[in-house]
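The structure file coords-v7.txt is reproduced below (compact mmCIF, C-alpha atoms and all ligand atoms).
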```txt
# COMPACT_ATOMS: atom_id res chain seq x y z
CA MET A 1 134.13 61.95 94.92
CA ILE A 2 136.97 60.37 96.90
CA SER A 3 135.22 57.22 98.07
CA VAL A 4 131.84 55.51 97.68
CA GLY A 5 130.08 53.25 100.15
CA PRO A 6 128.43 49.89 99.45
CA GLY A 7 125.21 50.17 97.45
CA VAL A 8 126.09 53.48 95.79
CA THR A 9 125.08 53.29 92.14
CA ARG A 10 124.91 56.87 90.90
CA PHE A 11 128.51 57.88 91.47
CA LYS A 12 132.03 56.61 91.18
CA VAL A 13 135.34 57.78 92.57
CA GLY A 14 136.58 60.78 90.62
CA ASP A 15 133.14 62.24 89.80
CA ALA A 16 132.74 65.98 90.32
CA VAL A 17 129.61 66.45 92.45
CA PHE A 18 127.70 69.11 94.33
CA GLY A 19 124.82 69.06 96.79
CA SER A 20 124.18 69.24 100.45
CA ALA A 21 125.35 67.58 103.65
CA LYS A 22 122.85 66.16 106.11
CA ILE A 23 121.79 68.99 108.40
CA LYS A 24 121.86 66.74 111.47
CA ASN A 25 125.42 65.57 110.75
CA GLY A 26 126.75 68.86 109.39
CA GLY A 27 130.40 68.83 108.37
CA ALA A 28 130.08 70.56 105.01
CA LEU A 29 132.77 73.05 106.02
CA GLY A 30 135.56 70.52 105.66
CA GLU A 31 137.94 69.03 103.11
CA ALA A 32 135.78 65.88 102.99
CA VAL A 33 132.18 65.19 103.95
CA ILE A 34 130.07 62.04 104.01
CA ALA A 35 126.68 62.50 102.32
CA PRO A 36 123.94 60.12 101.17
CA GLU A 37 123.90 59.74 97.39
CA THR A 38 120.39 61.23 97.34
CA PHE A 39 121.93 64.53 98.47
CA LEU A 40 124.29 64.82 95.51
CA ALA A 41 124.30 65.35 91.76
CA ARG A 42 126.99 65.43 89.11
CA LYS A 43 128.39 68.92 88.68
CA PRO A 44 127.81 70.12 85.11
CA GLY A 45 131.06 70.87 83.28
CA SER A 46 129.91 74.40 82.45
CA VAL A 47 129.35 75.26 86.14
CA SER A 48 132.36 76.02 88.36
CA PHE A 49 132.80 74.35 91.76
CA GLU A 50 132.17 77.73 93.41
CA GLU A 51 128.89 78.24 91.53
CA ALA A 52 127.81 74.65 92.18
CA ALA A 53 128.50 75.06 95.91
CA CYS A 54 125.81 77.79 96.01
CA LEU A 55 123.06 75.61 94.59
CA GLY A 56 122.49 72.89 97.18
CA THR A 57 120.52 74.06 100.22
CA PRO A 58 118.94 77.18 98.64
CA GLY A 59 117.95 75.33 95.48
CA ILE A 60 116.57 72.27 97.29
CA THR A 61 114.59 74.45 99.71
CA ALA A 62 113.14 76.54 96.88
CA TRP A 63 112.20 73.37 94.98
CA ASN A 64 110.64 71.75 98.06
CA GLY A 65 108.36 74.76 98.39
CA LEU A 66 107.41 75.57 94.83
CA VAL A 67 107.27 72.10 93.32
CA ASP A 68 106.65 69.67 96.19
CA LYS A 69 104.35 71.78 98.39
CA ALA A 70 102.78 74.29 95.99
CA ASN A 71 102.74 72.21 92.78
CA LEU A 72 103.40 75.47 90.95
CA GLN A 73 101.86 75.72 87.50
CA ALA A 74 102.57 78.02 84.54
CA GLY A 75 100.68 81.28 84.81
CA ALA A 76 100.54 81.25 88.61
CA LYS A 77 101.33 84.42 90.54
CA VAL A 78 104.09 84.12 93.16
CA LEU A 79 105.24 86.59 95.82
CA ILE A 80 108.68 86.02 97.34
CA ASN A 81 109.44 87.87 100.57
CA GLY A 82 113.24 88.25 100.45
CA CYS A 83 113.63 87.65 96.71
CA THR A 84 117.37 88.37 96.50
CA GLY A 85 118.57 86.09 99.31
CA GLY A 86 119.89 82.59 98.65
CA VAL A 87 116.56 80.79 98.85
CA GLY A 88 114.63 83.75 97.39
CA GLU A 89 116.87 84.07 94.36
CA SER A 90 116.66 80.33 93.73
CA ALA A 91 112.89 80.40 94.17
CA GLY A 92 112.50 83.32 91.77
CA GLN A 93 114.47 81.57 89.03
CA ILE A 94 112.71 78.22 89.53
CA ALA A 95 109.29 79.91 89.56
CA ARG A 96 110.13 81.70 86.30
CA MET A 97 111.34 78.40 84.78
CA LEU A 98 107.96 76.91 85.63
CA GLY A 99 106.22 79.80 83.88
CA ALA A 100 105.02 81.73 86.92
CA GLU A 101 104.82 85.51 87.26
CA VAL A 102 107.04 86.63 90.15
CA SER A 103 106.74 89.60 92.51
CA GLY A 104 109.09 90.06 95.43
CA SER A 105 110.43 92.17 98.25
CA CYS A 106 114.03 93.14 98.96
CA SER A 107 116.03 96.15 100.09
CA ALA A 108 116.22 99.18 97.78
CA GLN A 109 119.89 98.38 97.02
CA GLN A 110 118.89 94.99 95.57
CA LYS A 111 116.02 96.25 93.37
CA GLY A 112 118.05 96.14 90.13
CA ARG A 113 119.22 92.62 90.87
CA ALA A 114 115.64 91.48 91.49
CA GLU A 115 114.55 93.01 88.19
CA GLN A 116 117.39 91.24 86.37
CA LEU A 117 116.07 87.97 87.79
CA GLY A 118 112.70 88.68 86.19
CA VAL A 119 110.84 89.86 89.30
CA THR A 120 108.21 92.04 87.67
CA GLN A 121 106.95 93.90 90.74
CA VAL A 122 109.64 94.69 93.32
CA TYR A 123 108.69 96.02 96.77
CA ASP A 124 111.22 97.74 99.04
CA TYR A 125 110.63 96.05 102.38
CA ARG A 126 111.74 99.14 104.30
CA THR A 127 109.08 101.39 102.76
CA THR A 128 106.27 98.97 101.91
CA ASP A 129 104.17 97.00 104.34
CA ILE A 130 103.79 93.94 102.16
CA SER A 131 100.72 92.75 104.05
CA LYS A 132 98.91 95.88 102.82
CA ILE A 133 99.49 95.45 99.07
CA ALA A 134 96.36 95.01 96.99
CA ASP A 135 97.62 92.14 94.83
CA ARG A 136 96.73 88.50 95.63
CA PHE A 137 98.86 85.40 94.87
CA ASP A 138 98.73 81.66 94.28
CA VAL A 139 101.93 81.24 96.26
CA VAL A 140 103.46 83.46 98.93
CA TYR A 141 106.99 82.28 99.78
CA ASP A 142 108.37 83.91 102.93
CA THR A 143 112.11 83.28 102.84
CA ALA A 144 113.06 86.18 105.12
CA GLY A 145 110.87 85.01 108.00
CA THR A 146 109.57 88.51 108.61
CA MET A 147 105.89 87.91 107.78
CA THR A 148 103.21 86.78 110.19
CA VAL A 149 101.18 83.74 109.19
CA ALA A 150 98.06 85.94 109.14
CA ALA A 151 99.71 88.37 106.72
CA GLY A 152 100.89 85.54 104.47
CA LEU A 153 97.49 83.88 104.37
CA GLY A 154 95.83 87.26 103.78
CA LEU A 155 97.76 87.69 100.52
CA LEU A 156 96.52 84.44 98.99
CA ARG A 157 94.05 83.89 96.21
CA LYS A 158 91.51 81.10 96.72
CA GLY A 159 93.42 77.80 96.60
CA GLY A 160 96.76 79.51 97.27
CA VAL A 161 99.51 78.37 99.65
CA TYR A 162 101.84 80.18 102.04
CA LEU A 163 105.34 78.66 102.23
CA ASP A 164 107.35 79.23 105.39
CA ILE A 165 111.01 78.22 105.75
CA ASN A 166 111.44 79.59 109.26
CA PRO A 167 108.88 77.34 110.95
CA THR A 168 108.31 77.13 114.69
CA PRO A 169 106.61 74.22 116.52
CA GLY A 170 103.49 76.41 116.71
CA LYS A 171 103.42 76.83 112.93
CA PHE A 172 103.73 73.06 112.40
CA ILE A 173 100.69 72.55 114.62
CA ARG A 174 98.76 75.35 112.89
CA ALA A 175 99.59 73.79 109.50
CA VAL A 176 97.79 70.59 110.52
CA PHE A 177 94.56 72.60 110.82
CA ASP A 178 95.11 75.06 107.96
CA ARG A 179 96.39 73.34 104.81
CA ARG A 180 97.21 76.68 103.17
CA LEU A 181 100.19 77.01 105.54
CA LYS A 182 103.14 74.84 104.44
CA PRO A 183 106.20 74.79 106.70
CA ILE A 184 109.29 73.57 104.86
CA VAL A 185 112.31 71.63 106.04
CA CYS A 186 114.97 71.33 103.33
CA THR A 187 114.70 67.74 102.05
CA ALA A 188 117.05 66.55 99.31
CA ARG A 189 116.20 64.00 96.61
CA ASN A 190 117.98 62.87 93.47
CA ASP A 191 115.34 64.29 91.13
CA ILE A 192 115.69 67.71 92.77
CA LEU A 193 119.49 67.70 92.62
CA ASP A 194 119.41 66.53 89.01
CA GLY A 195 116.87 69.26 88.21
CA LEU A 196 119.12 71.89 89.78
CA ALA A 197 122.12 70.57 87.83
CA ARG A 198 120.15 70.67 84.55
CA SER A 199 118.86 74.17 85.22
CA ALA A 200 122.34 75.43 86.08
CA SER A 201 123.79 73.76 83.00
CA ASP A 202 121.12 75.43 80.84
CA GLY A 203 122.04 78.79 82.38
CA LYS A 204 118.59 79.17 83.95
CA LEU A 205 119.71 78.90 87.57
CA ARG A 206 122.70 80.79 88.87
CA LEU A 207 123.45 82.28 92.28
CA PRO A 208 126.12 84.98 92.19
CA VAL A 209 129.34 84.31 94.10
CA ALA A 210 130.10 87.49 96.04
CA LEU A 211 133.25 86.38 97.80
CA THR A 212 135.58 83.39 98.13
CA VAL A 213 137.74 82.99 101.23
CA PRO A 214 140.23 80.28 102.27
CA LEU A 215 139.27 77.85 105.05
CA GLU A 216 141.38 79.69 107.64
CA ASN A 217 139.18 82.79 107.17
CA ALA A 218 135.87 80.91 107.48
CA ILE A 219 135.23 81.77 111.13
CA ALA A 220 135.89 85.48 110.53
CA LEU A 221 133.52 85.37 107.57
CA VAL A 222 130.70 83.64 109.46
CA THR A 223 131.17 86.05 112.39
CA ALA A 224 130.90 89.05 110.05
CA LEU A 225 127.76 87.63 108.45
CA GLU A 226 126.24 87.01 111.87
CA GLN A 227 127.00 90.63 112.73
CA GLY A 228 125.06 91.82 109.68
CA ARG A 229 127.66 92.12 106.93
CA LYS A 230 125.78 92.22 103.59
CA LEU A 231 127.06 90.55 100.44
CA ASN A 232 125.67 90.74 96.92
CA GLY A 233 125.53 86.98 96.62
CA LYS A 234 126.94 83.88 98.25
CA ALA A 235 130.16 83.54 100.21
CA ILE A 236 132.28 80.51 99.36
CA VAL A 237 134.88 78.84 101.56
CA SER A 238 137.56 77.22 99.43
CA MET A 239 139.37 74.13 100.70
CA PRO A 240 143.15 73.77 100.66
N1 LIG B 1 113.55 75.48 106.45
C1 LIG B 1 114.68 75.20 105.82
O1 LIG B 1 114.95 74.04 105.51
C2 LIG B 1 115.61 76.31 105.44
C3 LIG B 1 116.51 76.15 104.38
C4 LIG B 1 117.32 77.22 104.03
C5 LIG B 1 117.26 78.42 104.74
N2 LIG B 1 116.40 78.51 105.80
C6 LIG B 1 116.31 79.78 106.56
O2 LIG B 1 115.68 80.71 105.68
C7 LIG B 1 116.18 82.01 105.91
C8 LIG B 1 116.68 82.61 104.60
O3 LIG B 1 117.79 81.88 104.14
P1 LIG B 1 118.68 82.48 102.96
O4 LIG B 1 119.82 81.56 102.77
O5 LIG B 1 117.83 82.81 101.78
O6 LIG B 1 119.20 83.83 103.66
P2 LIG B 1 119.80 85.14 103.00
O7 LIG B 1 120.57 84.78 101.78
O8 LIG B 1 120.48 85.88 104.09
O9 LIG B 1 118.52 85.96 102.53
C9 LIG B 1 117.65 86.61 103.39
C10 LIG B 1 116.98 87.70 102.58
O10 LIG B 1 115.94 88.32 103.35
C11 LIG B 1 115.94 89.68 103.04
N3 LIG B 1 115.28 90.42 104.11
C12 LIG B 1 115.79 90.85 105.30
N4 LIG B 1 114.85 91.51 106.01
C13 LIG B 1 113.72 91.50 105.25
C14 LIG B 1 112.41 92.01 105.42
N5 LIG B 1 112.06 92.69 106.53
N6 LIG B 1 111.50 91.80 104.44
C15 LIG B 1 111.83 91.11 103.33
N7 LIG B 1 113.06 90.61 103.08
C16 LIG B 1 114.00 90.81 104.05
C17 LIG B 1 117.40 90.04 102.88
O11 LIG B 1 117.49 91.19 102.07
P3 LIG B 1 118.69 92.27 102.24
O12 LIG B 1 119.97 91.49 102.30
O13 LIG B 1 118.56 93.12 101.03
O14 LIG B 1 118.41 93.00 103.54
C18 LIG B 1 117.95 88.80 102.18
O15 LIG B 1 117.89 88.93 100.78
C19 LIG B 1 117.26 81.87 106.99
O16 LIG B 1 116.65 82.17 108.23
C20 LIG B 1 117.62 80.40 106.93
O17 LIG B 1 118.08 79.93 108.18
C21 LIG B 1 115.57 77.51 106.15
```
Using structure tokens, write down the structure from this file.
Ligand SMILES: NC(=O)c1ccc[n+]([C@@H]2O[C@H](COP(=O)([O-])OP(=O)(O)OC[C@H]3O[C@@H](n4cnc5c(N)ncnc54)[C@H](OP(=O)(O)O)[C@@H]3O)[C@@H](O)[C@H]2O)c1
Amino acid sequence: MISVGPGVTRFKVGDAVFGSAKIKNGGALGEAVIAPETFLARKPGSVSFEEAACLGTPGITAWNGLVDKANLQAGAKVLINGCTGGVGESAGQIARMLGAEVSGSCSAQQKGRAEQLGVTQVYDYRTTDISKIADRFDVVYDTAGTMTVAAGLGLLRKGGVYLDINPTPGKFIRAVFDRRLKPIVCTARNDILDGLARSASDGKLRLPVALTVPLENAIALVTALEQGRKLNGKAIVSMP
């Protein structure tokens, strides 16, 4: 923390923090960024800056879905479409922390990683049409954005919810009429950030860092990711 504005009570200059920038303002890929204090938490001493940098947006989005929208309870059954991506991996760990049973889909190469995360039933999305599986769930969390709303809703148990983080205007309108459909827009709060920090400190929430590059290589990295380069975890841009 290099400076605090008037009214800031949670932080002081010199604190090590992590979190998220405001999506509308952007600017997180810089040596300094202005963020509201609700978007930040103290970085636990046992968590590196690189690991903490992975937690913000994926962790907040996963929390928004499972806790805020689905009110996930112990014993619930959760299906995560894309369970080894940033949001999916966060959602899987948070769901397990809350005592849920987690199934998920990913590519065959990521099956072992999903199993290590405690995903009990792993579906290869290239060989399984997830909408055809026989199982039914209290929560279906589509992180990959590859499901149709009809398929998601079709996989629900009575009272279940379908969480969608790739919402379109049409889905927002549909959600007004069908309360099972919950579009999500990543929304940070102090209690979420503090929960993520606690979970990371307890070793219950970790996203693997696949690669760290200096700022001057950031554009090449983003271009490669846009062109389909796959990483086994998050890419970090380190600041000079
Ligand atoms: N609404 C919001 O506020 C919000 C917040 C965060 C992210 N998002 C959006 O959510 C999406 C996911 O974000 P992320 O950070 O988790 O991305 P990510 O780390 O790239 O993860 C995407 C995952 O989807 C998997 N996948 C690809 N095709 C699939 C398919 N056909 N079926 C099932 N899984 C498939 C990928 O698996 P493989 O790598 O094994 O192919 C990967 O693990 C992005 O579109 C992002 O823009 C929205």
Long-range neighbours of region 177-191 of chain A as JSON, numbers by chain, 6 Å cut-off, only C-alpha atoms, 2 positions minimum in chain: {"A": [38, 39, 61, 161, 162, 163, 164, 165, 167, 174, 175, 193, 194, 195]}
So which residues are near ligand LIG 1 (chain B), meaning at most 7 Å away with all atoms listed in the file counted, given back as a VMD selection string? chain A and resid 57 to 58 61 81 to 88 105 to 107 109 to 110 125 to 126 143 to 146 165 to 167 184 to 186 230
Selection to disk with C-alpha atoms, as an mmCIF file, in the coordinates of the input:
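Wrote it out as out.cif, contents follow:
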```cif
data_model
loop_
_atom_site.group_PDB
_atom_site.id
_atom_site.type_symbol
_atom_site.label_atom_id
_atom_site.label_comp_id
_atom_site.auth_asym_id
_atom_site.auth_seq_id
_atom_site.Cartn_x
_atom_site.Cartn_y
_atom_site.Cartn_z
ATOM 1 C CA THR A 57 120.520 74.060 100.220
ATOM 2 C CA PRO A 58 118.940 77.180 98.640
ATOM 3 C CA THR A 61 114.590 74.450 99.710
ATOM 4 C CA ASN A 81 109.440 87.870 100.570
ATOM 5 C CA GLY A 82 113.240 88.250 100.450
ATOM 6 C CA CYS A 83 113.630 87.650 96.710
ATOM 7 C CA THR A 84 117.370 88.370 96.500
ATOM 8 C CA GLY A 85 118.570 86.090 99.310
ATOM 9 C CA GLY A 86 119.890 82.590 98.650
ATOM 10 C CA VAL A 87 116.560 80.790 98.850
ATOM 11 C CA GLY A 88 114.630 83.750 97.390
ATOM 12 C CA SER A 105 110.430 92.170 98.250
ATOM 13 C CA CYS A 106 114.030 93.140 98.960
ATOM 14 C CA SER A 107 116.030 96.150 100.090
ATOM 15 C CA GLN A 109 119.890 98.380 97.020
ATOM 16 C CA GLN A 110 118.890 94.990 95.570
ATOM 17 C CA TYR A 125 110.630 96.050 102.380
ATOM 18 C CA ARG A 126 111.740 99.140 104.300
ATOM 19 C CA THR A 143 112.110 83.280 102.840
ATOM 20 C CA ALA A 144 113.060 86.180 105.120
ATOM 21 C CA GLY A 145 110.870 85.010 108.000
ATOM 22 C CA THR A 146 109.570 88.510 108.610
ATOM 23 C CA ILE A 165 111.010 78.220 105.750
ATOM 24 C CA ASN A 166 111.440 79.590 109.260
ATOM 25 C CA PRO A 167 108.880 77.340 110.950
ATOM 26 C CA ILE A 184 109.290 73.570 104.860
ATOM 27 C CA VAL A 185 112.310 71.630 106.040
ATOM 28 C CA CYS A 186 114.970 71.330 103.330
ATOM 29 C CA LYS A 230 125.780 92.220 103.590
#
```
With a cut-off of 9 Å, could you pull out the residues of region 43-103 of chain A touching region 206-216 of chain A and give me the nearest pair of atoms for each, distance in Å to one decimal, using all atoms listed in the file, ordered by chain and ascending number, as a Markdown table?
```
| residue | atom | partner | partner_atom | distance |
| --- | --- | --- | --- | --- |
| A:Glu50 | CA | A:Val209 | CA | 7.2 |
| A:Glu51 | CA | A:Val209 | CA | 6.6 |
| A:Ala52 | CA | A:Arg206 | CA | 8.6 |
| A:Cys54 | CA | A:Leu207 | CA | 6.3 |
| A:Leu55 | CA | A:Leu207 | CA | 7.1 |
| A:Gly86 | CA | A:Leu207 | CA | 7.3 |
| A:Glu89 | CA | A:Leu207 | CA | 7.1 |
| A:Ser90 | CA | A:Leu207 | CA | 7.2 |
| A:Gln93 | CA | A:Arg206 | CA | 8.3 |
```
How would the residues just chosen look if you wrote them out with C-alpha atoms as an mmCIF file, in the frame of the given file?
```
data_model
loop_
_atom_site.group_PDB
_atom_site.id
_atom_site.type_symbol
_atom_site.label_atom_id
_atom_site.label_comp_id
_atom_site.auth_asym_id
_atom_site.auth_seq_id
_atom_site.Cartn_x
_atom_site.Cartn_y
_atom_site.Cartn_z
ATOM 1 C CA GLU A 50 132.170 77.730 93.410
ATOM 2 C CA GLU A 51 128.890 78.240 91.530
ATOM 3 C CA ALA A 52 127.810 74.650 92.180
ATOM 4 C CA CYS A 54 125.810 77.790 96.010
ATOM 5 C CA LEU A 55 123.060 75.610 94.590
ATOM 6 C CA GLY A 86 119.890 82.590 98.650
ATOM 7 C CA GLU A 89 116.870 84.070 94.360
ATOM 8 C CA SER A 90 116.660 80.330 93.730
ATOM 9 C CA GLN A 93 114.470 81.570 89.030
#
```
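Our summary of the geometry notes that CA of Ile2 (chain A) is positioned 8.3 Å from CA of Ala32 (chain A).
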Exercise: Leu29 (chain A) partners within 12 Å, only C-alpha atoms, chain neighbours under 4 positions left out, as a PyMOL selection string: chain A and resi 20-21+23+25+33-34+53+214-219+222+236-240
Do you know which residues are at most 10 Å from region 8-10 of chain A counting all atoms listed in the file, after dropping those on the same chain fewer than 6 positions away, and could you put them as a VMD selection string? chain A and resid 36 to 38 40 to 42 190
Using all atoms listed in the file, find the one residue out of A:Gly45, A:Ser131, A:Gly14, A:Ala235 that sits nearest to Ala220 (chain A). A:Ala235
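Across the model, the gap from CA of Phe18 (chain A) to CA of Gly30 (chain A) is 13.9 Å.
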Between CA of Ser201 (chain A) and CA of Ser46 (chain A) - distance in Å to one decimal: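 CA of Ser201 (chain A) lies at a distance of 6.2 Å from CA of Ser46 (chain A).
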Contacts of Gly92 (chain A) at 9 Å or less, counting only C-alpha atoms, minus same-chain residues fewer than 2 places along, as a list in words?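 Counting only C-alpha atoms, the residues come to Ala62, Val78, Leu79, Ile80, Cys83, Thr84, Val87, Gly88, Glu89, Ser90, Ile94, Ala95, Arg96, Met97, Val102, Ser103, Gly104, Ala114, Leu117, Gly118 and Val119 of chain A.
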Any chance you could build region 78-88 of chain A out to all heavy atoms and write it as an mmCIF file, in the frame of the given file?
```cif
data_model
loop_
_atom_site.group_PDB
_atom_site.id
_atom_site.type_symbol
_atom_site.label_atom_id
_atom_site.label_comp_id
_atom_site.auth_asym_id
_atom_site.auth_seq_id
_atom_site.Cartn_x
_atom_site.Cartn_y
_atom_site.Cartn_z
ATOM 1 N N VAL A 78 103.287 84.453 91.970
ATOM 2 C CA VAL A 78 104.090 84.120 93.160
ATOM 3 C C VAL A 78 104.633 85.408 93.775
ATOM 4 O O VAL A 78 105.095 86.295 93.043
ATOM 5 C CB VAL A 78 105.280 83.207 92.751
ATOM 6 C CG1 VAL A 78 106.179 82.927 93.940
ATOM 7 C CG2 VAL A 78 104.794 81.918 92.131
ATOM 8 N N LEU A 79 104.589 85.497 95.095
ATOM 9 C CA LEU A 79 105.240 86.590 95.820
ATOM 10 C C LEU A 79 106.336 86.010 96.686
ATOM 11 O O LEU A 79 106.072 85.093 97.481
ATOM 12 C CB LEU A 79 104.221 87.320 96.708
ATOM 13 C CG LEU A 79 104.818 88.395 97.622
ATOM 14 C CD1 LEU A 79 105.295 89.602 96.814
ATOM 15 C CD2 LEU A 79 103.807 88.849 98.671
ATOM 16 N N ILE A 80 107.566 86.523 96.533
ATOM 17 C CA ILE A 80 108.680 86.020 97.340
ATOM 18 C C ILE A 80 109.147 87.132 98.283
ATOM 19 O O ILE A 80 109.635 88.181 97.825
ATOM 20 C CB ILE A 80 109.850 85.546 96.452
ATOM 21 C CG1 ILE A 80 109.373 84.446 95.507
ATOM 22 C CG2 ILE A 80 111.009 85.058 97.325
ATOM 23 C CD1 ILE A 80 110.378 84.065 94.444
ATOM 24 N N ASN A 81 108.973 86.911 99.571
ATOM 25 C CA ASN A 81 109.440 87.870 100.570
ATOM 26 C C ASN A 81 110.920 87.581 100.821
ATOM 27 O O ASN A 81 111.269 86.535 101.367
ATOM 28 C CB ASN A 81 108.618 87.716 101.853
ATOM 29 C CG ASN A 81 108.930 88.790 102.869
ATOM 30 O OD1 ASN A 81 109.057 89.966 102.502
ATOM 31 N ND2 ASN A 81 109.045 88.414 104.129
ATOM 32 N N GLY A 82 111.793 88.499 100.381
ATOM 33 C CA GLY A 82 113.240 88.250 100.450
ATOM 34 C C GLY A 82 113.720 87.632 99.146
ATOM 35 O O GLY A 82 114.353 86.580 99.147
ATOM 36 N N CYS A 83 113.432 88.302 98.024
ATOM 37 C CA CYS A 83 113.630 87.650 96.710
ATOM 38 C C CYS A 83 115.064 87.698 96.217
ATOM 39 O O CYS A 83 115.361 87.112 95.176
ATOM 40 C CB CYS A 83 112.688 88.250 95.671
ATOM 41 S SG CYS A 83 113.036 89.982 95.285
ATOM 42 N N THR A 84 115.982 88.376 96.950
ATOM 43 C CA THR A 84 117.370 88.370 96.500
ATOM 44 C C THR A 84 118.310 87.657 97.487
ATOM 45 O O THR A 84 119.529 87.752 97.366
ATOM 46 C CB THR A 84 117.880 89.814 96.248
ATOM 47 O OG1 THR A 84 117.609 90.590 97.422
ATOM 48 C CG2 THR A 84 117.211 90.428 95.044
ATOM 49 N N GLY A 85 117.752 86.943 98.454
ATOM 50 C CA GLY A 85 118.570 86.090 99.310
ATOM 51 C C GLY A 85 118.839 84.761 98.613
ATOM 52 O O GLY A 85 118.389 84.542 97.478
ATOM 53 N N GLY A 86 119.551 83.868 99.284
ATOM 54 C CA GLY A 86 119.890 82.590 98.650
ATOM 55 C C GLY A 86 118.676 81.792 98.232
ATOM 56 O O GLY A 86 118.534 81.388 97.071
ATOM 57 N N VAL A 87 117.753 81.564 99.175
ATOM 58 C CA VAL A 87 116.560 80.790 98.850
ATOM 59 C C VAL A 87 115.646 81.598 97.918
ATOM 60 O O VAL A 87 115.103 81.072 96.945
ATOM 61 C CB VAL A 87 115.801 80.368 100.126
ATOM 62 C CG1 VAL A 87 114.550 79.585 99.767
ATOM 63 C CG2 VAL A 87 116.694 79.543 101.045
ATOM 64 N N GLY A 88 115.520 82.910 98.204
ATOM 65 C CA GLY A 88 114.630 83.750 97.390
ATOM 66 C C GLY A 88 115.072 83.828 95.945
ATOM 67 O O GLY A 88 114.253 83.730 95.021
#
```
